[in-house]
file query-v2.cif (mmCIF, C-alpha atoms)
data_run
loop_
_atom_site.label_atom_id
_atom_site.label_comp_id
_atom_site.auth_asym_id
_atom_site.auth_seq_id
_atom_site.Cartn_x
_atom_site.Cartn_y
_atom_site.Cartn_z
CA MET A 649 11.79 -9.24 16.05
CA SER A 650 15.27 -10.42 15.24
CA ALA A 651 18.40 -8.85 16.65
CA LYS A 652 19.43 -7.67 13.19
CA GLU A 653 16.36 -5.65 12.34
CA TRP A 654 16.24 -1.98 13.25
CA PRO A 655 13.63 -1.25 15.91
CA LEU A 656 10.17 0.00 14.98
CA TYR A 657 9.05 3.54 15.80
CA GLU A 658 5.55 5.00 15.67
CA VAL A 659 5.34 8.40 13.97
CA PHE A 660 3.10 11.29 15.05
CA ILE A 661 2.82 14.48 13.02
CA ARG A 662 1.45 17.90 13.92
CA SER A 663 0.25 19.21 10.58
CA ARG A 664 0.28 22.84 11.74
CA SER A 665 0.51 24.65 15.03
CA GLY A 666 -2.77 24.72 16.86
CA LEU A 667 -3.49 21.05 16.09
CA SER A 668 -2.42 17.99 18.06
CA HIS A 669 0.06 15.42 16.85
CA ARG A 670 -1.63 12.55 15.06
CA HIS A 671 -0.46 9.00 14.44
CA VAL A 672 0.44 8.58 10.75
CA GLY A 673 2.36 5.30 10.58
CA SER A 674 5.69 3.80 11.48
CA VAL A 675 9.34 3.60 10.43
CA HIS A 676 12.31 1.42 11.27
CA ALA A 677 15.46 3.14 12.48
CA ALA A 678 18.68 2.30 14.31
CA ASP A 679 18.21 5.11 16.84
CA ASP A 680 15.97 8.01 17.79
CA ARG A 681 17.60 10.57 15.54
CA MET A 682 17.46 8.34 12.50
CA ALA A 683 13.81 7.66 13.29
CA LEU A 684 13.14 11.41 13.08
CA ASP A 685 15.02 11.65 9.77
CA HIS A 686 13.15 8.71 8.30
CA ALA A 687 9.80 10.01 9.55
CA ARG A 688 10.54 13.33 7.88
CA ASP A 689 11.43 11.68 4.56
CA VAL A 690 8.56 9.21 4.55
CA TYR A 691 5.68 11.24 6.00
CA THR A 692 6.29 14.92 5.18
CA ARG A 693 7.15 15.11 1.47
CA ARG A 694 4.29 17.54 0.85
CA ASN A 695 4.38 19.96 3.78
CA GLU A 696 2.23 17.68 5.91
CA GLY A 697 4.12 18.51 9.05
CA ALA A 698 5.16 21.33 11.37
CA SER A 699 6.43 18.96 14.06
CA ILE A 700 7.23 15.26 14.39
CA TRP A 701 7.18 12.90 17.36
CA VAL A 702 8.67 9.42 17.13
CA VAL A 703 8.43 6.83 19.87
CA ARG A 704 9.64 3.26 20.08
CA SER A 705 6.63 1.04 19.38
CA SER A 706 7.66 -1.17 22.27
CA ALA A 707 7.25 1.80 24.65
CA ILE A 708 3.56 2.23 23.90
CA VAL A 709 1.10 0.77 26.38
CA ALA A 710 -2.24 0.06 24.75
CA SER A 711 -5.59 -1.20 25.95
CA ASP A 712 -6.81 -4.57 24.76
CA PRO A 713 -9.86 -4.57 22.46
CA ALA A 714 -11.14 -7.54 24.47
CA ASP A 715 -11.42 -5.24 27.49
CA ALA A 716 -13.31 -2.57 25.58
CA ALA A 717 -16.69 -3.35 27.16
CA GLU A 718 -15.26 -3.34 30.66
CA LEU A 719 -13.40 -0.09 30.05
CA PHE A 720 -15.82 1.97 28.04
CA ASP A 721 -19.36 0.68 28.53
CA PRO A 722 -19.75 2.10 32.05
CA ALA A 723 -19.76 5.59 30.54
CA ALA A 724 -22.73 4.74 28.33
CA ASP A 725 -25.44 5.04 31.01
CA LYS A 726 -24.11 8.25 32.54
CA ILE A 727 -25.95 10.46 30.15
CA TYR A 728 -26.20 13.16 32.83
CA ARG A 729 -22.58 13.99 31.96
CA HIS A 730 -23.83 15.64 28.79
CA PRO A 731 -25.45 19.09 28.78
CA THR A 732 -28.31 17.83 26.61
CA PHE A 733 -29.52 15.71 29.56
CA TYR A 734 -30.94 18.75 31.31
CA ASP A 735 -34.32 20.37 30.65
CA ILE A 736 -34.07 24.11 30.61
CA PRO A 737 -37.35 26.03 30.77
CA GLU A 738 -38.37 28.03 27.76
CA GLY A 739 -37.27 31.63 27.91
CA VAL A 740 -34.06 31.07 29.87
CA GLU A 741 -31.12 32.34 27.85
CA ASN A 742 -27.33 32.16 27.91
CA LEU A 743 -27.35 28.72 29.55
CA MET B 524 -6.21 -12.97 35.02
CA LYS B 525 -4.38 -13.30 31.76
CA SER B 526 -1.24 -15.37 31.37
CA PRO B 527 2.00 -13.36 31.65
CA GLU B 528 2.77 -14.13 28.03
CA ILE B 529 -0.48 -12.70 26.75
CA ARG B 530 -0.20 -9.74 29.10
CA ASP B 531 3.24 -8.89 27.73
CA THR B 532 1.79 -8.83 24.27
CA LEU B 533 -0.90 -6.43 25.39
CA VAL B 534 1.60 -4.20 27.11
CA LEU B 535 3.67 -4.03 23.95
CA GLY B 536 0.69 -2.30 22.53
CA ILE B 537 -0.12 -1.28 19.00
CA ARG B 538 1.97 -3.96 17.35
CA LEU B 539 1.68 -7.61 18.24
CA ILE B 540 5.40 -7.91 18.68
CA GLY B 541 5.14 -11.05 20.80
CA PRO B 542 3.25 -13.38 18.49
CA ALA B 543 4.89 -11.83 15.42
CA ILE B 544 7.25 -14.77 15.25
CA VAL B 545 4.34 -17.12 14.93
CA TYR B 546 2.95 -15.29 11.94
CA THR B 547 6.20 -14.61 10.19
CA GLN B 548 6.74 -18.31 9.97
CA GLY B 549 3.09 -18.84 9.42
CA LEU B 550 2.58 -17.34 5.99
CA ASP B 551 2.25 -20.76 4.46
CA GLN B 552 1.22 -22.76 7.46
CA LYS B 553 -1.41 -22.58 10.11
CA PRO B 554 -0.20 -20.78 13.25
CA ASP B 555 -0.28 -23.01 16.29
CA THR B 556 -2.29 -20.62 18.43
CA ALA B 557 -5.91 -21.64 18.08
CA PRO B 558 -8.53 -19.00 18.81
CA GLN B 559 -8.98 -19.23 22.57
CA ALA B 560 -12.69 -19.29 23.18
CA GLU B 561 -16.02 -19.39 21.38
CA PRO B 562 -14.61 -19.43 17.86
CA HIS B 563 -18.07 -19.35 16.34
CA GLU B 564 -19.19 -16.47 18.44
CA ARG B 565 -15.97 -14.56 17.69
CA LEU B 566 -16.33 -15.22 13.99
CA ALA B 567 -19.96 -14.15 14.02
CA ARG B 568 -19.04 -10.96 15.86
CA PHE B 569 -16.20 -10.30 13.41
CA GLU B 570 -18.46 -10.78 10.40
CA ALA B 571 -21.14 -8.59 11.93
CA ARG B 572 -18.59 -5.80 12.34
CA ILE B 573 -17.50 -6.17 8.71
CA ASP B 574 -21.13 -6.10 7.56
CA ALA B 575 -21.72 -2.96 9.62
CA GLU B 576 -18.78 -1.28 7.79
CA GLU B 577 -16.77 -1.10 11.00
CA LYS B 578 -13.01 -1.05 10.55
CA ILE B 579 -10.90 -3.88 11.92
CA GLU B 580 -7.84 -2.66 13.82
CA PRO B 581 -4.51 -4.43 14.48
CA LYS B 582 -5.24 -5.89 17.90
CA ASP B 583 -8.82 -6.93 17.16
CA TRP B 584 -9.55 -10.61 16.82
CA MET B 585 -9.66 -11.69 13.18
CA PRO B 586 -9.88 -15.06 11.42
CA GLU B 587 -6.51 -16.43 10.32
CA GLY B 588 -7.63 -16.42 6.68
CA TYR B 589 -8.37 -12.69 6.88
CA ARG B 590 -4.97 -12.02 8.41
CA ARG B 591 -3.13 -14.14 5.84
CA THR B 592 -5.03 -12.68 2.91
CA LEU B 593 -4.16 -9.17 4.05
CA ILE B 594 -0.52 -9.99 4.70
CA ARG B 595 -0.26 -11.47 1.22
CA GLN B 596 -2.04 -8.61 -0.49
CA ILE B 597 -0.42 -5.71 1.40
CA SER B 598 3.11 -7.12 1.18
CA GLN B 599 2.73 -7.84 -2.55
CA HIS B 600 1.45 -4.33 -2.96
CA ALA B 601 4.49 -2.99 -1.06
CA HIS B 602 6.88 -5.11 -3.13
CA SER B 603 5.29 -3.73 -6.32
CA GLU B 604 5.98 -0.18 -5.19
CA ILE B 605 9.59 -1.01 -4.41
CA ILE B 606 10.27 -2.92 -7.65
CA GLY B 607 8.24 -0.26 -9.47
CA MET B 608 11.00 2.28 -8.85
CA GLN B 609 13.26 0.48 -11.32
CA PRO B 610 11.57 0.97 -14.72
CA GLU B 611 11.28 4.72 -14.14
CA GLY B 612 14.57 5.01 -12.29
CA ASN B 613 16.04 3.87 -15.60
CA TRP B 614 15.27 7.34 -17.05
CA LEU B 615 16.27 9.56 -14.13
CA THR B 616 19.65 10.47 -15.58
CA ARG B 617 18.26 10.88 -19.10
CA ALA B 618 15.14 12.96 -18.49
CA PRO B 619 14.91 15.55 -21.30
CA THR B 620 14.80 18.64 -19.06
CA LEU B 621 15.62 19.60 -15.49
CA ARG B 622 11.89 20.07 -14.83
CA ARG B 623 11.12 16.54 -16.01
CA LYS B 624 14.01 15.18 -14.00
CA ALA B 625 12.90 16.86 -10.76
CA ILE B 626 9.34 15.55 -11.32
CA LEU B 627 10.49 12.01 -12.06
CA LEU B 628 12.75 12.02 -9.03
CA ALA B 629 9.82 13.09 -6.83
CA LYS B 630 7.67 10.36 -8.33
CA VAL B 631 10.24 7.63 -7.74
CA GLN B 632 10.67 8.88 -4.15
CA ASP B 633 6.91 8.63 -3.73
CA GLU B 634 7.01 4.98 -4.85
CA ALA B 635 9.57 4.27 -2.13
CA GLY B 636 7.34 6.09 0.36
CA HIS B 637 4.30 4.07 -0.74
CA GLY B 638 6.25 0.87 -0.27
CA LEU B 639 7.14 1.97 3.25
CA TYR B 640 3.57 2.96 4.22
CA LEU B 641 2.44 -0.47 3.04
CA TYR B 642 5.18 -2.45 4.77
CA GLY B 643 4.21 -0.56 7.94
CA ALA B 644 0.55 -1.53 7.47
CA ALA B 645 1.50 -5.19 6.89
CA GLU B 646 3.66 -5.18 10.02
CA THR B 647 0.59 -4.37 12.15
CA LEU B 648 -0.64 -7.85 11.20
CA GLY B 649 2.35 -9.45 12.87
CA VAL B 650 4.69 -10.10 9.93
CA SER B 651 8.18 -8.60 10.23
CA ARG B 652 9.81 -6.30 7.68
CA GLU B 653 12.73 -8.65 7.55
CA GLN B 654 10.50 -11.58 6.63
CA MET B 655 8.78 -9.62 3.86
CA THR B 656 12.12 -8.52 2.44
CA GLU B 657 13.32 -12.08 2.45
CA ASP B 658 10.16 -13.30 0.75
CA LEU B 659 10.68 -10.75 -2.01
CA LEU B 660 14.39 -11.44 -2.48
CA THR B 661 13.95 -15.22 -2.56
CA GLY B 662 11.11 -14.90 -5.06
CA ARG B 663 8.58 -16.44 -2.68
CA ALA B 664 6.46 -13.29 -2.76
CA LYS B 665 5.07 -11.84 -5.97
CA TYR B 666 4.84 -8.28 -7.20
CA SER B 667 2.77 -6.72 -9.96
CA SER B 668 3.47 -8.20 -13.40
CA ILE B 669 3.62 -4.74 -14.97
CA PHE B 670 7.08 -3.91 -13.62
CA ASN B 671 8.68 -6.72 -15.60
CA TYR B 672 8.34 -4.77 -18.83
CA PRO B 673 11.22 -2.57 -20.03
CA THR B 674 11.19 1.22 -20.42
CA LEU B 675 12.72 1.56 -23.88
CA THR B 676 12.10 5.25 -24.59
CA TRP B 677 11.27 8.44 -22.70
CA ALA B 678 7.66 8.05 -23.86
CA ASP B 679 7.46 4.94 -21.68
CA VAL B 680 7.80 7.18 -18.63
CA GLY B 681 4.72 9.06 -19.88
CA ALA B 682 2.83 5.85 -20.61
CA ILE B 683 3.62 4.44 -17.17
CA GLY B 684 2.33 7.53 -15.38
CA TRP B 685 -0.79 7.75 -17.54
CA LEU B 686 -1.69 4.05 -17.83
CA VAL B 687 0.06 2.15 -15.05
CA ASP B 688 -0.59 4.74 -12.37
CA GLY B 689 -4.05 5.27 -13.83
CA ALA B 690 -4.79 1.55 -13.46
CA ALA B 691 -3.28 1.59 -9.98
CA ILE B 692 -5.57 4.46 -8.94
CA MET B 693 -8.58 2.57 -10.26
CA ASN B 694 -7.55 -0.39 -8.12
CA GLN B 695 -6.60 1.65 -5.08
CA ILE B 696 -9.48 4.06 -4.65
CA PRO B 697 -11.84 1.28 -3.47
CA LEU B 698 -9.05 0.06 -1.17
CA CYS B 699 -9.37 3.34 0.78
CA ARG B 700 -12.60 1.76 2.09
CA CYS B 701 -10.98 -1.60 2.86
CA SER B 702 -12.20 -3.14 6.12
CA TYR B 703 -8.69 -3.24 7.61
CA GLY B 704 -7.95 0.17 9.14
CA PRO B 705 -4.17 0.50 8.66
CA TYR B 706 -4.39 -0.61 5.00
CA ALA B 707 -7.27 1.76 4.30
CA ARG B 708 -5.39 4.68 5.89
CA ALA B 709 -2.22 3.94 3.92
CA MET B 710 -4.28 3.85 0.73
CA VAL B 711 -5.80 7.27 1.40
CA ARG B 712 -2.31 8.76 1.53
CA ILE B 713 -1.19 6.83 -1.52
CA CYS B 714 -4.19 7.79 -3.65
CA LYS B 715 -3.62 11.49 -2.97
CA GLU B 716 -0.06 11.15 -4.24
CA GLU B 717 -0.84 8.87 -7.22
CA SER B 718 -2.99 11.55 -8.73
CA PHE B 719 0.13 13.63 -9.41
CA HIS B 720 1.79 10.58 -10.94
CA GLN B 721 -0.99 10.05 -13.43
CA ARG B 722 -1.20 13.68 -14.43
CA GLN B 723 2.52 14.07 -14.99
CA GLY B 724 2.42 10.98 -17.22
CA PHE B 725 -0.47 12.33 -19.25
CA GLU B 726 1.36 15.65 -19.58
CA ILE B 727 4.41 13.87 -21.02
CA MET B 728 2.18 12.05 -23.53
CA HIS B 729 0.36 15.26 -24.41
CA THR B 730 3.62 17.10 -25.00
CA LEU B 731 4.94 14.31 -27.22
CA CYS B 732 1.68 14.13 -29.16
CA ASN B 733 1.90 17.84 -29.92
CA GLY B 734 5.57 17.64 -30.89
CA THR B 735 7.30 16.39 -34.01
CA PRO B 736 5.93 13.38 -35.97
CA GLU B 737 8.79 11.34 -34.48
CA GLN B 738 7.75 12.32 -30.95
CA LYS B 739 4.13 11.44 -31.64
CA ALA B 740 5.23 8.09 -33.09
CA MET B 741 7.20 7.50 -29.90
CA ALA B 742 4.07 8.13 -27.82
CA GLN B 743 2.06 5.72 -30.00
CA ASP B 744 4.75 3.08 -29.70
CA ALA B 745 4.72 3.39 -25.90
CA LEU B 746 0.92 3.06 -25.82
CA ASP B 747 1.14 0.01 -28.11
CA ARG B 748 3.51 -1.70 -25.71
CA TRP B 749 1.89 -0.67 -22.36
CA TRP B 750 -1.82 -0.99 -23.14
CA TRP B 751 -2.27 -4.74 -22.74
CA PRO B 752 0.09 -5.16 -19.77
CA SER B 753 -1.84 -2.31 -18.08
CA LEU B 754 -5.13 -4.18 -18.56
CA MET B 755 -3.52 -7.26 -17.03
CA MET B 756 -2.72 -5.27 -13.87
CA PHE B 757 -6.31 -5.83 -12.71
CA GLY B 758 -5.58 -9.52 -12.41
CA PRO B 759 -7.21 -12.59 -13.92
CA SER B 760 -10.73 -12.52 -15.24
CA ASP B 761 -13.43 -12.95 -12.56
CA LYS B 762 -14.15 -16.52 -13.59
CA ASP B 763 -10.50 -17.47 -12.93
CA SER B 764 -9.81 -15.35 -9.86
CA LYS B 765 -9.39 -17.65 -6.90
CA HIS B 766 -9.18 -15.04 -4.13
CA SER B 767 -11.92 -12.66 -5.20
CA ALA B 768 -15.12 -13.97 -3.60
CA GLN B 769 -13.77 -14.22 -0.05
CA SER B 770 -11.99 -10.87 -0.31
CA MET B 771 -15.25 -9.26 -1.41
CA ALA B 772 -17.12 -10.82 1.52
CA TRP B 773 -14.49 -9.50 3.92
CA LYS B 774 -14.64 -6.08 2.23
CA ILE B 775 -10.95 -6.17 1.46
CA LYS B 776 -12.00 -5.81 -2.16
CA ARG B 777 -15.01 -3.80 -3.25
CA PHE B 778 -15.15 -4.46 -6.98
CA SER B 779 -14.21 -7.47 -9.08
CA ASN B 780 -11.15 -7.50 -11.36
CA ASP B 781 -13.28 -7.31 -14.51
CA GLU B 782 -15.41 -4.45 -13.17
CA LEU B 783 -12.32 -2.36 -12.40
CA ARG B 784 -10.72 -3.22 -15.73
CA GLN B 785 -13.85 -2.10 -17.57
CA LYS B 786 -13.93 1.18 -15.62
CA PHE B 787 -10.30 1.79 -16.54
CA ILE B 788 -10.94 1.13 -20.24
CA ASP B 789 -14.00 3.38 -20.23
CA VAL B 790 -12.12 6.37 -18.80
CA THR B 791 -8.88 5.82 -20.72
CA VAL B 792 -10.13 5.34 -24.29
CA PRO B 793 -11.44 8.93 -24.57
CA GLN B 794 -8.12 10.21 -23.18
CA ALA B 795 -6.24 8.32 -25.90
CA HIS B 796 -8.58 9.81 -28.50
CA PHE B 797 -7.93 13.27 -27.09
CA LEU B 798 -4.20 12.65 -27.57
CA GLY B 799 -4.88 11.48 -31.12
CA LEU B 800 -3.50 8.03 -30.34
CA ARG B 801 -4.88 4.66 -31.37
CA ILE B 802 -5.59 1.96 -28.77
CA PRO B 803 -3.88 -1.21 -30.07
CA ASP B 804 -7.04 -3.33 -30.06
CA ASP B 805 -8.81 -4.05 -33.36
CA GLU B 806 -11.91 -5.23 -31.56
CA LEU B 807 -12.30 -2.14 -29.42
CA ALA B 808 -15.80 -0.77 -30.01
CA TRP B 809 -18.31 1.43 -28.24
CA ASP B 810 -21.31 -0.57 -27.05
CA GLU B 811 -24.29 1.77 -27.11
CA GLU B 812 -26.47 -0.64 -25.17
CA THR B 813 -24.23 -1.14 -22.14
CA GLY B 814 -22.52 2.24 -22.30
CA HIS B 815 -19.09 0.55 -22.17
CA TRP B 816 -16.16 0.05 -24.52
CA ARG B 817 -16.00 -3.59 -25.62
CA HIS B 818 -12.44 -4.91 -25.88
CA GLY B 819 -10.69 -7.82 -27.54
CA PRO B 820 -9.41 -10.91 -25.72
CA ILE B 821 -6.54 -10.49 -23.24
CA ASP B 822 -3.53 -12.76 -23.68
CA TRP B 823 -3.65 -14.53 -20.31
CA GLU B 824 -0.87 -16.83 -21.38
CA GLU B 825 1.46 -13.82 -21.41
CA PHE B 826 0.17 -12.73 -17.98
CA ARG B 827 0.83 -16.17 -16.47
CA ASN B 828 4.29 -16.29 -18.02
CA VAL B 829 5.29 -12.91 -16.65
CA LEU B 830 3.98 -13.84 -13.19
CA ALA B 831 5.83 -17.13 -13.34
CA GLY B 832 9.09 -15.24 -13.83
CA PHE B 833 9.47 -15.27 -17.62
CA GLY B 834 8.63 -11.66 -18.47
CA PRO B 835 11.15 -9.51 -20.34
CA CYS B 836 12.77 -8.08 -17.17
CA ASN B 837 11.93 -10.39 -14.24
CA ARG B 838 15.48 -11.56 -13.75
CA GLN B 839 16.96 -8.09 -14.11
CA ARG B 840 14.49 -6.60 -11.58
CA MET B 841 15.23 -9.25 -8.97
CA GLU B 842 18.98 -9.07 -9.49
CA ARG B 843 18.94 -5.30 -9.10
CA ARG B 844 16.83 -5.57 -5.93
CA ARG B 845 19.14 -8.18 -4.39
CA GLN B 846 22.19 -6.14 -5.32
CA ALA B 847 20.74 -2.99 -3.73
CA HIS B 848 19.91 -4.95 -0.60
CA GLU B 849 23.41 -6.42 -0.40
CA GLU B 850 25.09 -3.10 -1.07
CA GLY B 851 23.06 -1.54 1.74
CA ARG B 852 23.98 -4.22 4.24
CA TRP B 853 27.07 -2.49 5.65
CA VAL B 854 25.08 0.72 6.10
CA ARG B 855 22.38 -1.07 8.09
CA GLU B 856 24.95 -2.85 10.20
CA ALA B 857 27.09 0.24 10.79
CA ALA B 858 24.08 2.30 11.84
CA ARG B 859 23.08 -0.40 14.26
CA ALA B 860 26.59 -0.67 15.73
CA TRP B 861 26.83 3.11 16.05
CA ALA B 862 23.48 3.26 17.86
CA GLU B 863 24.52 0.50 20.24
CA LYS B 864 27.86 2.13 20.99
CA HIS B 865 26.22 5.45 21.79
CA LYS B 866 23.63 3.77 23.96
CA ALA B 867 26.38 2.00 25.89
CA ARG B 868 28.33 5.27 26.31
CA ALA B 869 25.30 7.15 27.49
CA ALA B 870 24.61 4.43 30.05
CA ALA B 871 28.21 4.45 31.32
#
call {"tool": "encode", "arguments": {"input": "query-v2.cif", "output": "structure tokens"}}
result
Amino acid sequence: MSAKEWPLYEVFIRSRSGLSHRHVGSVHAADDRMALDHARDVYTRRNEGASIWVVRSSAIVASDPADAAELFDPAADKIYRHPTFYDIPEGVENL
Amino acid sequence: MKSPEIRDTLVLGIRLIGPAIVYTQGLDQKPDTAPQAEPHERLARFEARIDAEEKIEPKDWMPEGYRRTLIRQISQHAHSEIIGMQPEGNWLTRAPTLRRKAILLAKVQDEAGHGLYLYGAAETLGVSREQMTEDLLTGRAKYSSIFNYPTLTWADVGAIGWLVDGAAIMNQIPLCRCSYGPYARAMVRICKEESFHQRQGFEIMHTLCNGTPEQKAMAQDALDRWWWPSLMMFGPSDKDSKHSAQSMAWKIKRFSNDELRQKFIDVTVPQAHFLGLRIPDDELAWDEETGHWRHGPIDWEEFRNVLAGFGPCNRQRMERRRQAHEEGRWVREAARAWAEKHKARAAA
């Protein structure tokens, strides 16, 4: 990224209260406030949002897809973490 | 343990900000970072994911050709949205009613928004916004041939919405299933919004066709001028399309140029008939056997000329874009300086 270009921000929108913010895309802006303004103009022209988060893209720490197996595969054989793992005798209710 | 350089890139997260420099220079040349290990195995795994309809995401390994094809296609698509504001912007101050003006303004704003969604999607591939802007302004990057035609009357605004946005939707709906995640997600948003564009255009045509004989003649004249350029929007015929086969294999494209063009003709001809307008093609005929409208030959010479920069408005469009960019320069610089000053004050 050159010194002249405005920094990149990631945009997260809560579409209505009760839902979480969701990543929708990105904008360039000179500072945080402008990033909010731009996010509003670009991503909420049709009432898509009740709340906006913007965060400098460079501040996000992300996992590497190459590490996916190492990170996520160990959960695969721990099926006892799911309720469906357990046999419940016929006739038992509310369990 | 990974090298500090690679680790930095990972820490920077969603965007590959580190190697971006490599790719921004690398549009026309091979980047100097060779795939690190087991290229065949990586490629096989990549292709298996594509075949399984899995989406490819920004930080996933991908072949350089896939990355370059997407950068080219998405940035050209973005440029088309940005240049596409001009033909319609031409009528903003002369829209016949306040209602039409508010609608047209919203549509032109949407085109700007679409350009921005798409630039954002292209940036996830490691190309910078600055580089894409420069490629457009220097004429190195192309945009859709359709926007080099003039909007001579108000009916052209109707014809653009109905035909040009109609053709764009036909092209874009399959792109919602494109194998590259950020592009596919941008297209979902865009398609939702394009639907309003097409309908407002058809409504303008419908109103004109039910107006005075002069108004109806204006609608016919607009159709006469926009029909063939709209068909050209789908790109060269399949037998001449150099990028198609690979893009289909990578599931960037789902249908061939000719297939999409035929679909567009098949849905649009009945709409023209409903309006009581004549499609300007003497050879247009319903083919009972295939269930498609057969059409006359497309003037590919004209298409190549417009792409090569010799359409009616190429020069004007580029000049206007460069002018807008230059006139905005002090705003960009002032905003940057203001932000830096405030950051420095807050730190002090």
call {"tool": "residues_around", "arguments": {"input": "query-v2.cif", "residues": "Ser699 in chain A", "least_positions_apart": "5", "cutoff": "12 Å", "atoms": "all atoms listed in the file", "output": "short mmCIF file (atom, residue, chain, number, x, y, z; two decimals) with C-alpha atoms, keeping the file's coordinate frame"}}
result
data_model
loop_
_atom_site.label_atom_id
_atom_site.label_comp_id
_atom_site.auth_asym_id
_atom_site.auth_seq_id
_atom_site.Cartn_x
_atom_site.Cartn_y
_atom_site.Cartn_z
CA VAL A 659 5.34 8.40 13.97
CA PHE A 660 3.10 11.29 15.05
CA ILE A 661 2.82 14.48 13.02
CA ARG A 662 1.45 17.90 13.92
CA SER A 663 0.25 19.21 10.58
CA ARG A 664 0.28 22.84 11.74
CA SER A 665 0.51 24.65 15.03
CA GLY A 666 -2.77 24.72 16.86
CA LEU A 667 -3.49 21.05 16.09
CA SER A 668 -2.42 17.99 18.06
CA HIS A 669 0.06 15.42 16.85
CA ARG A 670 -1.63 12.55 15.06
CA LEU A 684 13.14 11.41 13.08
CA ALA A 687 9.80 10.01 9.55
CA ARG A 688 10.54 13.33 7.88
CA TYR A 691 5.68 11.24 6.00
CA THR A 692 6.29 14.92 5.18
#
call {"tool": "atom_distance", "arguments": {"input": "query-v2.cif", "atom1": "CA of Ala664 in chain B", "atom2": "CA of Ile683 in chain B"}}
result
23.0 Å
call {"tool": "interface_residues", "arguments": {"input": "query-v2.cif", "of": "chain A", "to": "chain B", "cutoff": "8 Å", "atoms": "all atoms listed in the file", "output": "PyMOL selection string"}}
result
chain A and resi 649+652-654+673-675+678-679+690-691+705-714
call {"tool": "closest_residue", "arguments": {"input": "query-v2.cif", "among": "A:Asp725, A:Glu738, A:Asp685, A:Glu718", "to": "Trp701 in chain A", "atoms": "all atoms listed in the file"}}
result
A:Asp685
call {"tool": "atom_distance", "arguments": {"input": "query-v2.cif", "atom1": "CA of Ala625 in chain B", "atom2": "CA of Asn613 in chain B"}}
result
14.2 Å
call {"tool": "resolve_selection", "arguments": {"input": "query-v2.cif", "expression": "the PyMOL selection byres ((chain B and resi 741-750) around 7)", "output": "count of residues only"}}
result
16
call {"tool": "resolve_selection", "arguments": {"input": "query-v2.cif", "expression": "the PyMOL selection byres ((chain B and resi 782) around 12)", "output": "ChimeraX atom specification"}}
result
/B:693-694,697,754,757-761,767,776-781,783-789,815
call {"tool": "resolve_selection", "arguments": {"input": "query-v2.cif", "expression": "the PyMOL selection byres ((chain B and resi 696) around 10)", "output": "count of residues only"}}
result
17
call {"tool": "closest_residue", "arguments": {"input": "query-v2.cif", "among": "B:Val790, B:Ala690, B:Met608, B:Ile669", "to": "Gly832 in chain B", "atoms": "all atoms listed in the file"}}
result
B:Ile669
call {"tool": "axis_aligned_box", "arguments": {"input": "query-v2.cif", "around": "range 577-580 of chain B", "padding_each_side": "5 Å", "output": "lines of an AutoDock Vina configuration file"}}
result
center_x = -12.3
center_y = -2.5
center_z = 12.2
size_x = 18.9
size_y = 12.8
size_z = 13.3
call {"tool": "decode", "arguments": {"input": "query-v2.cif", "residues": "range 695-702 of chain A", "atoms": "N, CA, C and O atoms", "output": "mmCIF file, in the first residue's frame"}}
result
data_model
loop_
_atom_site.group_PDB
_atom_site.id
_atom_site.type_symbol
_atom_site.label_atom_id
_atom_site.label_comp_id
_atom_site.auth_asym_id
_atom_site.auth_seq_id
_atom_site.Cartn_x
_atom_site.Cartn_y
_atom_site.Cartn_z
ATOM 1 N N ASN A 695 -31.785 0.523 3.654
ATOM 2 C CA ASN A 695 -32.141 0.118 5.021
ATOM 3 C C ASN A 695 -31.527 -1.210 5.434
ATOM 4 O O ASN A 695 -32.145 -1.981 6.162
ATOM 5 N N GLU A 696 -30.331 -1.491 4.960
ATOM 6 C CA GLU A 696 -29.713 -2.772 5.323
ATOM 7 C C GLU A 696 -29.148 -2.741 6.736
ATOM 8 O O GLU A 696 -28.749 -3.772 7.253
ATOM 9 N N GLY A 697 -29.050 -1.568 7.321
ATOM 10 C CA GLY A 697 -28.319 -1.517 8.579
ATOM 11 C C GLY A 697 -29.020 -0.796 9.702
ATOM 12 O O GLY A 697 -29.774 0.163 9.496
ATOM 13 N N ALA A 698 -28.770 -1.301 10.952
ATOM 14 C CA ALA A 698 -29.193 -0.582 12.155
ATOM 15 C C ALA A 698 -27.966 -0.122 12.927
ATOM 16 O O ALA A 698 -28.061 0.688 13.835
ATOM 17 N N SER A 699 -26.801 -0.658 12.540
ATOM 18 C CA SER A 699 -25.552 -0.318 13.222
ATOM 19 C C SER A 699 -24.377 -0.721 12.338
ATOM 20 O O SER A 699 -24.460 -1.701 11.597
ATOM 21 N N ILE A 700 -23.319 0.079 12.392
ATOM 22 C CA ILE A 700 -22.142 -0.196 11.556
ATOM 23 C C ILE A 700 -20.903 -0.277 12.432
ATOM 24 O O ILE A 700 -20.720 0.542 13.337
ATOM 25 N N TRP A 701 -20.041 -1.248 12.162
ATOM 26 C CA TRP A 701 -18.696 -1.271 12.726
ATOM 27 C C TRP A 701 -17.718 -1.117 11.574
ATOM 28 O O TRP A 701 -17.898 -1.743 10.522
ATOM 29 N N VAL A 702 -16.692 -0.323 11.748
ATOM 30 C CA VAL A 702 -15.585 -0.327 10.786
ATOM 31 C C VAL A 702 -14.297 -0.572 11.565
ATOM 32 O O VAL A 702 -14.165 -0.130 12.706
#
